[in-house]
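Novice: As input, take my_file.tsv (TSV, C-alpha atoms):
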```
chain	number	residue	atom	x	y	z
A	1	MET	CA	113.56	-242.74	97.68
A	2	ARG	CA	115.55	-240.32	95.68
A	3	ASN	CA	118.38	-242.82	95.33
A	4	ASP	CA	115.97	-245.54	94.22
A	5	THR	CA	114.48	-243.20	91.64
A	6	SER	CA	117.90	-242.27	90.34
A	7	VAL	CA	118.92	-245.90	90.12
A	8	MET	CA	115.74	-246.80	88.25
A	9	SER	CA	116.21	-243.88	85.84
A	10	ALA	CA	119.80	-244.86	85.21
A	11	SER	CA	118.74	-248.46	84.72
A	12	ARG	CA	116.09	-247.46	82.18
A	13	LEU	CA	118.55	-245.22	80.36
A	14	LEU	CA	121.14	-247.98	80.25
A	15	ARG	CA	118.57	-250.48	78.96
A	16	THR	CA	117.43	-248.02	76.29
A	17	GLU	CA	121.00	-247.42	75.17
A	18	ALA	CA	121.70	-251.16	75.10
A	19	LEU	CA	118.59	-251.88	73.03
A	20	SER	CA	119.49	-249.07	70.67
A	21	TRP	CA	123.04	-250.42	70.30
A	22	LEU	CA	121.79	-253.98	69.69
A	23	SER	CA	119.30	-252.73	67.13
A	24	ALA	CA	122.04	-250.84	65.28
A	25	LEU	CA	124.28	-253.89	65.44
A	26	GLY	CA	121.49	-256.04	64.04
A	27	ASN	CA	120.96	-253.64	61.15
A	28	VAL	CA	124.64	-253.65	60.30
A	29	SER	CA	125.04	-257.42	60.48
A	30	GLY	CA	121.73	-258.14	58.80
A	31	GLY	CA	121.61	-255.89	55.78
A	32	GLU	CA	123.43	-252.59	55.84
A	33	SER	CA	126.87	-254.18	55.99
A	34	HIS	CA	125.99	-256.22	52.91
A	35	GLY	CA	125.25	-253.01	51.02
A	36	LEU	CA	128.45	-251.42	52.28
A	37	VAL	CA	130.49	-254.28	50.84
A	38	LEU	CA	129.59	-253.37	47.25
A	39	GLN	CA	129.05	-249.62	47.72
A	40	PRO	CA	132.73	-248.56	47.38
A	41	LEU	CA	133.05	-250.56	44.16
A	42	TRP	CA	129.80	-249.14	42.84
A	43	ASP	CA	130.80	-245.58	43.78
A	44	TYR	CA	134.09	-246.00	41.92
A	45	LEU	CA	132.38	-247.37	38.81
A	46	HIS	CA	129.66	-244.74	39.00
A	47	GLN	CA	132.11	-241.84	39.28
A	48	ASN	CA	134.83	-242.99	36.88
A	49	HIS	CA	132.99	-245.02	34.20
A	50	HIS	CA	129.53	-243.49	34.22
A	51	ASP	CA	129.13	-243.02	30.46
A	52	LEU	CA	130.56	-246.45	29.62
A	53	LEU	CA	128.25	-248.25	32.05
A	54	ARG	CA	125.16	-246.41	30.79
A	55	SER	CA	125.80	-247.41	27.18
A	56	PRO	CA	123.47	-250.13	25.84
A	57	LEU	CA	126.57	-251.65	24.23
A	58	PHE	CA	128.29	-252.30	27.57
A	59	PRO	CA	126.48	-255.57	28.49
A	60	VAL	CA	127.21	-256.96	25.02
A	61	ALA	CA	130.87	-255.96	25.18
A	62	LEU	CA	131.15	-257.43	28.70
A	63	SER	CA	129.67	-260.79	27.66
A	64	VAL	CA	131.68	-261.06	24.44
A	65	THR	CA	134.95	-260.11	26.15
A	66	THR	CA	134.33	-262.60	28.96
A	67	TYR	CA	133.61	-265.35	26.46
A	68	PHE	CA	136.72	-264.84	24.35
A	69	VAL	CA	138.99	-264.54	27.39
A	70	LEU	CA	137.69	-267.84	28.80
A	71	VAL	CA	137.78	-269.62	25.46
A	72	GLY	CA	141.31	-268.36	24.90
A	73	LEU	CA	142.46	-269.79	28.24
A	74	TYR	CA	140.80	-273.16	27.65
A	75	THR	CA	142.19	-273.34	24.10
A	76	VAL	CA	145.72	-272.79	25.41
A	77	LEU	CA	145.11	-275.66	27.85
A	78	ASP	CA	143.79	-277.83	25.01
A	79	LEU	CA	146.95	-277.24	22.99
A	80	MET	CA	149.24	-277.85	25.96
A	81	ALA	CA	147.41	-280.90	27.32
A	82	PRO	CA	148.90	-283.58	24.99
A	83	THR	CA	152.42	-282.77	26.21
A	84	TRP	CA	151.56	-281.73	29.78
A	85	PRO	CA	150.31	-284.73	31.81
A	86	SER	CA	149.44	-282.44	34.73
A	87	ILE	CA	146.80	-280.81	32.50
A	88	ASN	CA	145.79	-283.80	30.42
A	89	ARG	CA	144.81	-285.86	33.46
A	90	TYR	CA	141.88	-283.51	34.07
A	91	ARG	CA	140.50	-283.88	30.54
A	92	LEU	CA	137.35	-285.97	30.20
A	93	HIS	CA	138.85	-287.58	27.09
A	94	PRO	CA	142.61	-287.54	27.67
A	95	ASP	CA	143.25	-289.82	24.70
A	96	LYS	CA	141.32	-287.58	22.28
A	97	PRO	CA	143.22	-284.29	21.85
A	98	VAL	CA	141.63	-281.16	20.46
A	99	THR	CA	143.20	-280.50	17.06
A	100	TRP	CA	143.80	-277.36	15.06
A	101	PRO	CA	141.05	-278.29	12.54
A	102	ASN	CA	138.65	-278.47	15.53
A	103	ILE	CA	139.74	-275.02	16.66
A	104	TRP	CA	139.55	-273.33	13.25
A	105	SER	CA	136.17	-274.85	12.44
A	106	THR	CA	134.50	-273.79	15.68
A	107	LEU	CA	136.27	-270.42	15.79
A	108	GLY	CA	135.08	-269.68	12.26
A	109	VAL	CA	131.45	-270.31	13.23
A	110	THR	CA	131.90	-268.24	16.40
A	111	VAL	CA	133.28	-265.26	14.46
A	112	TYR	CA	130.52	-265.63	11.86
A	113	ASN	CA	127.83	-265.60	14.58
A	114	HIS	CA	129.32	-262.51	16.20
A	115	LEU	CA	129.58	-260.63	12.91
A	116	PHE	CA	126.16	-261.49	11.51
A	117	PHE	CA	124.01	-261.96	14.62
A	118	ILE	CA	125.52	-260.44	17.76
A	119	PHE	CA	126.99	-257.30	16.18
A	120	PRO	CA	123.75	-256.28	14.36
A	121	ALA	CA	121.75	-256.96	17.54
A	122	ALA	CA	124.19	-254.82	19.52
A	123	VAL	CA	123.90	-251.95	17.02
A	124	ALA	CA	120.10	-252.16	17.13
A	125	GLN	CA	120.23	-252.09	20.92
A	126	TRP	CA	122.54	-249.08	20.84
A	127	LEU	CA	120.20	-247.20	18.48
A	128	TRP	CA	116.84	-247.99	20.07
A	129	ARG	CA	117.44	-248.81	23.71
A	130	PRO	CA	117.75	-245.89	26.13
A	131	PRO	CA	120.88	-245.55	28.27
A	132	THR	CA	120.94	-247.74	31.37
A	133	PRO	CA	119.86	-245.81	34.50
A	134	LEU	CA	122.49	-246.05	37.23
A	135	PRO	CA	121.08	-245.86	40.77
A	136	SER	CA	123.21	-244.18	43.39
A	137	GLU	CA	123.05	-247.13	45.77
A	138	ALA	CA	124.71	-250.50	45.21
A	139	PRO	CA	122.73	-253.69	45.75
A	140	SER	CA	123.19	-255.43	49.06
A	141	LEU	CA	125.49	-258.43	48.94
A	142	TRP	CA	122.48	-260.64	49.66
A	143	SER	CA	120.37	-259.23	46.81
A	144	PHE	CA	123.38	-259.39	44.45
A	145	PHE	CA	123.92	-263.12	44.91
A	146	LEU	CA	120.21	-263.90	45.24
A	147	GLY	CA	119.52	-262.04	41.99
A	148	ILE	CA	122.21	-264.00	40.14
A	149	LEU	CA	120.86	-267.25	41.57
A	150	GLY	CA	117.30	-266.31	40.58
A	151	CYS	CA	118.36	-265.50	37.01
A	152	MET	CA	120.26	-268.77	36.78
A	153	VAL	CA	117.26	-270.78	37.98
A	154	VAL	CA	114.90	-269.06	35.51
A	155	PHE	CA	117.38	-269.38	32.63
A	156	ASP	CA	117.98	-273.03	33.48
A	157	PHE	CA	114.23	-273.77	33.28
A	158	GLN	CA	113.80	-271.86	30.02
A	159	TYR	CA	116.66	-273.61	28.29
A	160	TYR	CA	115.63	-277.02	29.67
A	161	LEU	CA	112.23	-276.66	27.96
A	162	TRP	CA	113.78	-275.31	24.76
A	163	HIS	CA	116.41	-278.05	24.72
A	164	LEU	CA	113.94	-280.83	25.45
A	165	LEU	CA	111.58	-279.61	22.73
A	166	HIS	CA	114.36	-279.34	20.15
A	167	HIS	CA	115.40	-282.92	20.84
A	168	ARG	CA	111.88	-284.37	20.95
A	169	VAL	CA	110.66	-282.75	17.71
A	170	PRO	CA	112.78	-284.12	14.84
A	171	TRP	CA	112.25	-281.09	12.55
A	172	LEU	CA	113.36	-278.67	15.26
A	173	TYR	CA	116.40	-280.81	16.01
A	174	ARG	CA	117.50	-281.14	12.39
A	175	THR	CA	116.83	-277.50	11.57
A	176	PHE	CA	118.20	-275.69	14.63
A	177	HIS	CA	120.02	-277.88	17.15
A	178	ALA	CA	121.79	-280.71	15.31
A	179	PHE	CA	124.47	-278.22	14.30
A	180	HIS	CA	125.63	-277.96	17.93
A	181	HIS	CA	125.82	-281.76	18.23
A	182	GLN	CA	128.30	-282.18	15.39
A	183	TYR	CA	130.92	-282.47	18.13
A	184	ASN	CA	130.17	-285.37	20.44
A	185	GLN	CA	133.12	-284.60	22.74
A	186	PRO	CA	132.79	-280.86	23.38
A	187	PHE	CA	135.58	-278.40	24.10
A	188	SER	CA	135.30	-274.73	24.98
A	189	LEU	CA	134.81	-273.35	21.46
A	190	VAL	CA	131.79	-275.64	21.00
A	191	THR	CA	129.94	-273.42	23.52
A	192	GLN	CA	128.83	-271.04	20.78
A	193	TYR	CA	129.00	-273.48	17.91
A	194	LEU	CA	125.30	-272.77	17.46
A	195	SER	CA	122.64	-272.01	14.89
A	196	GLY	CA	121.42	-268.43	14.72
A	197	TRP	CA	118.08	-269.36	16.31
A	198	GLU	CA	119.70	-271.05	19.30
A	199	LEU	CA	122.11	-268.16	19.78
A	200	PHE	CA	119.20	-265.70	19.65
A	201	SER	CA	117.20	-267.72	22.19
A	202	VAL	CA	120.06	-267.91	24.66
A	203	GLY	CA	120.92	-264.22	24.26
A	204	PHE	CA	117.28	-263.18	24.61
A	205	TRP	CA	116.81	-264.98	27.94
A	206	ALA	CA	120.13	-263.73	29.30
A	207	THR	CA	119.00	-260.18	28.51
A	208	VAL	CA	115.37	-260.39	29.61
A	209	ASP	CA	115.59	-262.49	32.79
A	210	PRO	CA	117.31	-259.80	34.92
A	211	ILE	CA	114.67	-257.32	33.74
A	212	LEU	CA	111.85	-259.68	34.72
A	213	LEU	CA	113.39	-260.15	38.17
A	214	LYS	CA	114.03	-256.38	38.50
A	215	CYS	CA	117.71	-256.84	39.23
A	216	HIS	CA	120.11	-254.01	39.95
A	217	CYS	CA	122.31	-253.35	36.91
A	218	LEU	CA	125.38	-254.52	38.84
A	219	THR	CA	123.57	-257.79	39.54
A	220	THR	CA	122.63	-258.03	35.86
A	221	TRP	CA	126.24	-257.72	34.77
A	222	GLY	CA	127.31	-260.23	37.41
A	223	PHE	CA	124.74	-262.69	36.07
A	224	MET	CA	125.91	-262.22	32.49
A	225	VAL	CA	129.55	-262.87	33.39
A	226	PHE	CA	128.68	-265.89	35.53
A	227	ASN	CA	126.36	-267.28	32.87
A	228	VAL	CA	129.10	-267.09	30.24
A	229	TYR	CA	131.59	-268.63	32.69
A	230	VAL	CA	129.49	-271.69	33.57
A	231	SER	CA	128.32	-272.15	29.96
A	232	THR	CA	131.93	-272.27	28.81
A	233	GLU	CA	132.86	-274.54	31.72
A	234	ASP	CA	130.05	-276.94	30.76
A	235	HIS	CA	131.64	-277.39	27.33
A	236	CYS	CA	135.31	-277.16	28.31
A	237	GLY	CA	135.95	-280.92	28.48
A	238	TYR	CA	137.77	-280.73	31.83
A	239	ASP	CA	136.95	-281.99	35.31
A	240	PHE	CA	138.95	-279.59	37.46
A	241	PRO	CA	138.63	-279.76	41.28
A	242	TRP	CA	137.39	-276.16	41.36
A	243	ALA	CA	134.69	-276.72	38.73
A	244	MET	CA	131.15	-275.83	39.78
A	245	HIS	CA	129.91	-279.43	39.82
A	246	ASN	CA	132.66	-280.26	42.32
A	247	LEU	CA	131.80	-277.28	44.54
A	248	VAL	CA	127.99	-277.51	44.61
A	249	PRO	CA	126.94	-280.40	46.90
A	250	PHE	CA	124.44	-283.25	46.44
A	251	GLY	CA	124.91	-283.42	42.67
A	252	LEU	CA	122.71	-280.33	42.18
A	253	TRP	CA	124.98	-278.97	39.46
A	254	GLY	CA	125.53	-280.93	36.26
A	255	GLY	CA	128.72	-279.41	34.94
A	256	ALA	CA	131.08	-280.57	32.21
A	257	PRO	CA	130.82	-284.35	32.84
A	258	LYS	CA	127.03	-284.39	32.52
A	259	HIS	CA	126.99	-282.13	29.49
A	260	ASP	CA	129.68	-284.26	27.90
A	261	ALA	CA	127.42	-287.26	28.53
A	262	HIS	CA	124.57	-285.37	26.84
A	263	HIS	CA	126.64	-284.92	23.69
A	264	GLN	CA	127.24	-288.68	23.60
A	265	ARG	CA	123.76	-289.71	24.77
A	266	PRO	CA	121.59	-286.89	23.43
A	267	GLY	CA	118.36	-288.07	25.07
A	268	THR	CA	119.68	-287.18	28.52
A	269	ASN	CA	120.81	-284.23	30.65
A	270	PHE	CA	118.90	-281.42	28.95
A	271	ALA	CA	119.27	-278.79	31.69
A	272	PRO	CA	122.27	-276.52	31.12
A	273	PHE	CA	123.28	-276.05	34.77
A	274	PHE	CA	121.22	-277.59	37.57
A	275	SER	CA	120.20	-281.25	37.79
A	276	HIS	CA	116.72	-281.05	39.32
A	277	TRP	CA	114.73	-280.78	36.06
A	278	ASP	CA	116.44	-283.85	34.63
A	279	TRP	CA	115.77	-285.70	37.89
A	280	LEU	CA	112.09	-284.76	37.74
A	281	GLY	CA	111.80	-285.44	34.00
A	282	GLY	CA	113.57	-288.78	34.12
A	283	THR	CA	116.26	-287.57	31.73
A	284	ASN	CA	119.15	-287.50	34.20
A	285	THR	CA	122.13	-289.74	33.54
A	286	LEU	CA	125.52	-289.97	35.16
A	287	PRO	CA	128.72	-289.88	33.11
A	288	THR	CA	130.51	-293.22	32.97
A	289	PRO	CA	134.14	-294.09	32.27
A	290	SER	CA	133.00	-295.95	29.15
A	291	GLY	CA	131.48	-292.69	27.93
A	292	TYR	CA	134.88	-291.05	28.21
A	293	SER	CA	136.50	-293.57	25.89
A	294	ALA	CA	134.14	-293.35	22.96
A	295	SER	CA	135.57	-294.39	19.64
A	296	GLU	CA	134.82	-291.14	17.79
A	297	GLU	CA	137.53	-288.52	17.40
A	298	PRO	CA	136.59	-285.04	18.69
A	299	ASP	CA	136.64	-283.68	15.16
A	300	GLU	CA	134.43	-286.46	13.87
A	301	ARG	CA	130.92	-285.11	13.39
A	302	LYS	CA	127.67	-286.93	13.75
A	303	ASP	CA	124.00	-286.05	13.84
A	304	ASN	CA	122.01	-287.45	16.73
A	305	ASP	CA	118.31	-288.13	16.58
```
If you took the structure in this file and wrote it as structure tokens, what would it be?

Specialist:
Amino acid sequence: MRNDTSVMSASRLLRTEALSWLSALGNVSGGESHGLVLQPLWDYLHQNHHDLLRSPLFPVALSVTTYFVLVGLYTVLDLMAPTWPSINRYRLHPDKPVTWPNIWSTLGVTVYNHLFFIFPAAVAQWLWRPPTPLPSEAPSLWSFFLGILGCMVVFDFQYYLWHLLHHRVPWLYRTFHAFHHQYNQPFSLVTQYLSGWELFSVGFWATVDPILLKCHCLTTWGFMVFNVYVSTEDHCGYDFPWAMHNLVPFGLWGGAPKHDAHHQRPGTNFAPFFSHWDWLGGTNTLPTPSGYSASEEPDERKDND
């Protein structure tokens, strides 16, 4: 009897230990490991760049720096493409090179917008917005990517409605959005070739959406960088194999070809990133080879109704 009791006790103890081990393993694989992935990075940033990250100016500086780095890279490609067939073959309009007048015109508007709209808004934010609180814990990997996806979905819906409205109402189009459509074959610097009202709208949503979704500040910064990246990619004029529309399956992501088609057929493809709102609204159109050989030069401007 004693042996049976000892065996049963040992069996129960072993089962308890096994369940405890499996439970711990489940916690690590399910959530805790995801947090551990970002925690070392967050600890480093928290300890070494605490004051910089808390500054209300940091998100603005991060977005502006990301934009100019990306635009600089694409502009170098634009200038090299006419003499480098390995680059030019990925351009949506390989026979329509981006010229220096294109670059200076769009760069001038970009600098103007940053000096007279973004810089004053950044100063106001620095004066009136409290420093960003930095939690001690990093977001889990799951919540980091889910937060970015959530912000992208909300932003995509907001801009789809704004964009649709500013095309459907002639006064809104002429007053605020026609400026962006002066280039019917976009390249990277056209991304922020915008009126002040459109730039304010886009910046407002990019700032507010992470707050509405209660994102961790690291997630917020990740969203801002990714948002700038895909916005620039949408206007870049290239169809690279690694572009988002070639990575996301089932045609769910519009990308540069669809936005290029929008600039040539302005009554279509209003959503900035995803395709589902254009599918549901009947405004989706696929880019065609004929669309890539339009007769207008990239520096030739036209207003679209």

Novice: Write out, as a tab-separated table, each residue of range 221-242 of chain A that has an atom at most 8 Å from range 58-73 of chain A, together with the closest pair of atoms and their distance in Å to one decimal, counting only C-alpha atoms, rows going by chain and rising number.

Specialist:
```
residue	atom	partner	partner_atom	distance
A:Trp221	CA	A:Pro59	CA	6.6
A:Met224	CA	A:Ser63	CA	6.3
A:Val225	CA	A:Ser63	CA	6.1
A:Val228	CA	A:Tyr67	CA	6.1
A:Tyr229	CA	A:Leu70	CA	7.3
A:Thr232	CA	A:Val71	CA	7.2
```

Novice: Could you check the closest approach to Pro287 in chain A for each of A:Leu189, A:Leu92, A:Leu36, A:Leu77 and tell me which residue wins, using all atoms listed in the file?

Specialist: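 Closest residue, counting all atoms listed in the file: A:Leu92.
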
Novice: How far is it from CA of Ser188 in chain A to CA of Tyr74 in chain A, in Å with one decimal?

Specialist: 6.3 Å

Novice: Write out as a PyMOL selection string the residues lying within 9 Å of Phe145 in chain A, counting all atoms listed in the file and excluding same-chain residues fewer than 3 positions away.

Specialist: chain A and resi 140-142+148-150+219+222-223

Novice: Enter the distance from CA of Ile103 in chain A to CA of Thr75 in chain A, in Å, rounded to one decimal.

Specialist: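 Distance between the two atoms: 8.0 Å.
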
Novice: Which value, in Å to one decimal, gives the distance between CA of Tyr193 in chain A and CA of Val109 in chain A?

Specialist: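 These atoms are spaced 6.2 Å apart.
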
Novice: From the set A:Leu127, A:Ala122, A:Val153, A:Val190, which residue has the shortest atom-to-atom contact distance to Phe204 in chain A, counting all atoms listed in the file?

Specialist: A:Ala122

Novice: Give me the residues within 12 Å of Phe116 in chain A as a short mmCIF file (atom, residue, chain, number, x, y, z; two decimals) with C-alpha atoms, in the frame of the given file, counting all atoms listed in the file and dropping any in the same chain fewer than 4 places off.

Specialist:
```
data_model
loop_
_atom_site.label_atom_id
_atom_site.label_comp_id
_atom_site.auth_asym_id
_atom_site.auth_seq_id
_atom_site.Cartn_x
_atom_site.Cartn_y
_atom_site.Cartn_z
CA VAL A 109 131.45 -270.31 13.23
CA THR A 110 131.90 -268.24 16.40
CA VAL A 111 133.28 -265.26 14.46
CA TYR A 112 130.52 -265.63 11.86
CA PRO A 120 123.75 -256.28 14.36
CA ALA A 121 121.75 -256.96 17.54
CA ALA A 122 124.19 -254.82 19.52
CA VAL A 123 123.90 -251.95 17.02
CA SER A 195 122.64 -272.01 14.89
CA GLY A 196 121.42 -268.43 14.72
CA LEU A 199 122.11 -268.16 19.78
CA PHE A 200 119.20 -265.70 19.65
#
```

Novice: Would you kindly return, as a list of chain:residue names, each protein, DNA or RNA residue with an atom no farther than 12 Å from any atom of Trp100 in chain A, considering all atoms listed in the file and excluding same-chain residues fewer than 3 positions away?

Specialist: A:Thr75, A:Val76, A:Asp78, A:Leu79, A:Pro97, A:Ile103, A:Trp104, A:Ser105, A:Thr106, A:Leu107, A:Gly108, A:Leu189, A:Pro298, A:Asp299

Novice: Give the answer as one residue: which of A:Ser136, A:Ser201, A:Thr191, A:Ser231 has the shortest atom-to-atom distance to Gly254 in chain A, using only C-alpha atoms?

Specialist: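 Between A:Ser136, A:Ser201, A:Thr191, A:Ser231, the residue approaching Gly254 in chain A most closely is A:Ser231.
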
Novice: Taking into account all atoms listed in the file, which residue in the set A:Glu137, A:Asp156, A:Asp209, A:Asp43 is nearest to Asp278 in chain A?

Specialist: A:Asp156

Novice: Between A:Pro133, A:Gly281, A:Gly237, A:Pro266, single out the one closest to His50 in chain A, counting all atoms listed in the file.

Specialist: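 Nearest to His50 in chain A: A:Pro133.
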
Novice: Nearest to Gln182 in chain A: which of A:Lys96, A:His276, A:His163, A:His263 is it, counting only C-alpha atoms?

Specialist: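 Selected residue with least distance to Gln182 in chain A: A:His263.
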